[in-house]
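Here is the structure we will look at, set down as structure tokens.
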Amino acid sequence: MKFSTPESTCKLIAEIGLSHEGSLGFAFKFIEASKKSGADMVKFQYHIPEAESSKNESFRVKFSMQDENRWEYWKRTSFTLNEWKAIIKKCEAESIEFCVSVFSGAAALAMMSLGVKNIKLGSGDLNNSEIQEVLATWKGNLFISTGMATYKEIDLAIGHFQNQLSSGKLIVFQCTSKYPTPLNEVGINVLEEIREKWKVKVGLSDHSIGVDAAKVAICFGALFIEKHVVFSKDMFGPDVSSSITFQEFRDLSDFRDNFINIMNKIDKDEIAGHLENERRIFGRSLGLKKAFKKGEIVGSDDFCFRKPAGGLSWEDRHGLVGKELGRDVELGELINLDCFRLKDL
């Protein structure tokens, strides 16, 4: 892999997930904070327990003191379609894109009916045939995560979404489904492997601690970065351990913006042409190492090269060795030909 000069700015996705805890007001605050921290997109999760879950589905992390299982958690934190409309409208008002992860065909159909333009499939649903059938002819941007997938499973999934692939609206996320993900398992190399093998847009859905991995991914050409966000690492929820604060997200956003400028290609000759004043200030002119009196003879070891430029060159000293000074020269003075008696030249 090598550093990649980006063809376009990497888009940053603030993953809100279910950290809103089912509160519409809290969801709005997440949207506002995401926009302020530099996110281009916010992503929620849409769970319909009756369509995707069973009461035997246990928690990945037992964190809830009021939900016996995931079914109850999905129920408690879910929004109605009218509330989803309000969330989408809030995103429009904040000029930030809305994205949603769907976990059933019913959820996909509901979001499509609301005109949603960005849908994501988690790695657990990478080859969910039910959802694939619903999204087969959908014309929006489809993000698919590879967190638990093998290369064979990735190839199978991409094969199902040829419509999005051919239209440039398929984005494949490198992801490692560990919470948090150790830095040595983030898999930056997989970005290039996926991009080259399937000629598809790539991003990083990053569950590592902090923003270092995300910054490296930007350097290596990721077009999308997704990070879970929280107001504080002391918040409640299953994703807090792999989340970043909005202050950290702002740091990532600033890096993204600076990286575009840092990777700008320059012409050294053109830049030097704009630095004439600096070239004069930091350049050198011929001088003498000590003060001299009128009539003294200057030897080959008496010369030095002093700032700024604009006077005699270092090579000019050869014609002045053994010459008599026609006036006093102070220490630190730049010399010129008028300092010497040169009638014999």
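By order of appearance in the structure tokens: chains A, B, ..., then residues from 1 within every chain, and ligands from 1 in the order shown.
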Surrounding residues of Asp239 (chain A) excluding itself and chain neighbours under 6 positions, 10 Å, only C-alpha atoms, as an MDAnalysis selection string:
chainID A and resid 16:19 61 63 179:180 207 228:230 233
List as a PyMOL selection string the protein and nucleic acid residues near Ala106 (chain A), meaning an atom at most 7 Å away when only C-alpha atoms are counted, but skip any in the same chain fewer than 3 places from it.
chain A and resi 51+109-110
Hey, what's within 7 Å of region 37-45 of chain A if we count only C-alpha atoms and toss same-chain stuff fewer than 3 positions away? As a compact mmCIF listing (two decimals) with C-alpha atoms, in the first residue's frame, please?
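Generated file (out-v8.txt):
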```txt
# COMPACT_ATOMS: atom_id res chain seq x y z
CA LYS A 11 -16.74 11.84 4.05
CA LEU A 12 -17.03 11.41 7.80
CA ILE A 13 -19.98 9.51 9.24
CA ALA A 14 -20.99 9.99 12.86
CA GLU A 15 -22.55 6.70 13.96
CA ILE A 16 -25.28 7.50 16.48
CA GLY A 17 -26.74 4.00 16.39
CA LEU A 18 -29.03 3.63 19.37
CA ILE A 31 -27.44 15.46 14.98
CA ALA A 33 -23.35 17.94 17.75
CA SER A 34 -22.35 15.80 14.77
CA ILE A 96 -26.08 16.94 7.18
CA GLU A 97 -26.83 13.71 5.33
CA PHE A 98 -29.00 11.03 6.91
CA CYS A 99 -28.00 7.36 6.78
CA VAL A 100 -29.56 4.34 8.45
CA SER A 101 -28.61 0.73 9.04
CA VAL A 102 -31.51 -1.63 8.35
CA PHE A 246 -17.39 14.86 19.60
CA GLN A 247 -14.16 16.62 20.52
CA PHE A 249 -14.47 13.73 16.02
CA ARG A 250 -13.59 17.41 15.49
CA SER A 253 -12.49 16.33 10.84
```
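The shell of residues at most 9 Å from region 299-305 of chain A, with only C-alpha atoms counted and near chain neighbours (fewer than 2 positions) removed, consists of Arg284, Ser285, Leu286, Gly287, Leu288, Lys289, Lys290, Ile297, Lys307, Ser313, Trp314, Arg317, His318, Leu320, Val321, Gly322, Lys323 and Leu334 of chain A.
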Residues as selected, C-alpha atoms, written as a PDB file, in the first residue's frame, can you do that?
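The result, stored in out36.pdb:
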```pdb
ATOM      1  CA  ARG A 284      24.396  35.232   1.525  1.00  0.00           C
ATOM      2  CA  SER A 285      26.792  37.937   0.352  1.00  0.00           C
ATOM      3  CA  LEU A 286      30.547  38.345   0.626  1.00  0.00           C
ATOM      4  CA  GLY A 287      31.956  39.891   3.829  1.00  0.00           C
ATOM      5  CA  LEU A 288      35.142  39.978   5.904  1.00  0.00           C
ATOM      6  CA  LYS A 289      35.736  38.068   9.117  1.00  0.00           C
ATOM      7  CA  LYS A 290      37.020  41.138  11.025  1.00  0.00           C
ATOM      8  CA  ILE A 297      45.661  43.812   2.161  1.00  0.00           C
ATOM      9  CA  LYS A 307      23.211  37.219   5.238  1.00  0.00           C
ATOM     10  CA  SER A 313      29.079  36.040  -4.451  1.00  0.00           C
ATOM     11  CA  TRP A 314      31.427  33.599  -2.758  1.00  0.00           C
ATOM     12  CA  ARG A 317      36.436  36.589  -3.560  1.00  0.00           C
ATOM     13  CA  HIS A 318      38.997  35.011  -5.886  1.00  0.00           C
ATOM     14  CA  LEU A 320      39.924  40.237  -4.438  1.00  0.00           C
ATOM     15  CA  VAL A 321      42.634  38.181  -2.718  1.00  0.00           C
ATOM     16  CA  GLY A 322      45.751  40.298  -2.230  1.00  0.00           C
ATOM     17  CA  LYS A 323      43.941  43.560  -3.016  1.00  0.00           C
ATOM     18  CA  LEU A 334      28.882  43.420   3.454  1.00  0.00           C
TER      19      LEU A 334
END
```
Might you pull out every residue within 12 Å of Glu21 (chain A), with only C-alpha atoms counted and same-chain residues fewer than 5 positions away left off, and present them as an NGL selection string?
:A and (16 or 26-28 or 30 or 44-45 or 64 or 66-67 or 73-79 or 230 or 235-238)
Which of these residues is nearest to Arg327 (chain A), using only C-alpha atoms: A:Arg341, A:Lys85, A:Arg256, A:His20?
A:Arg341
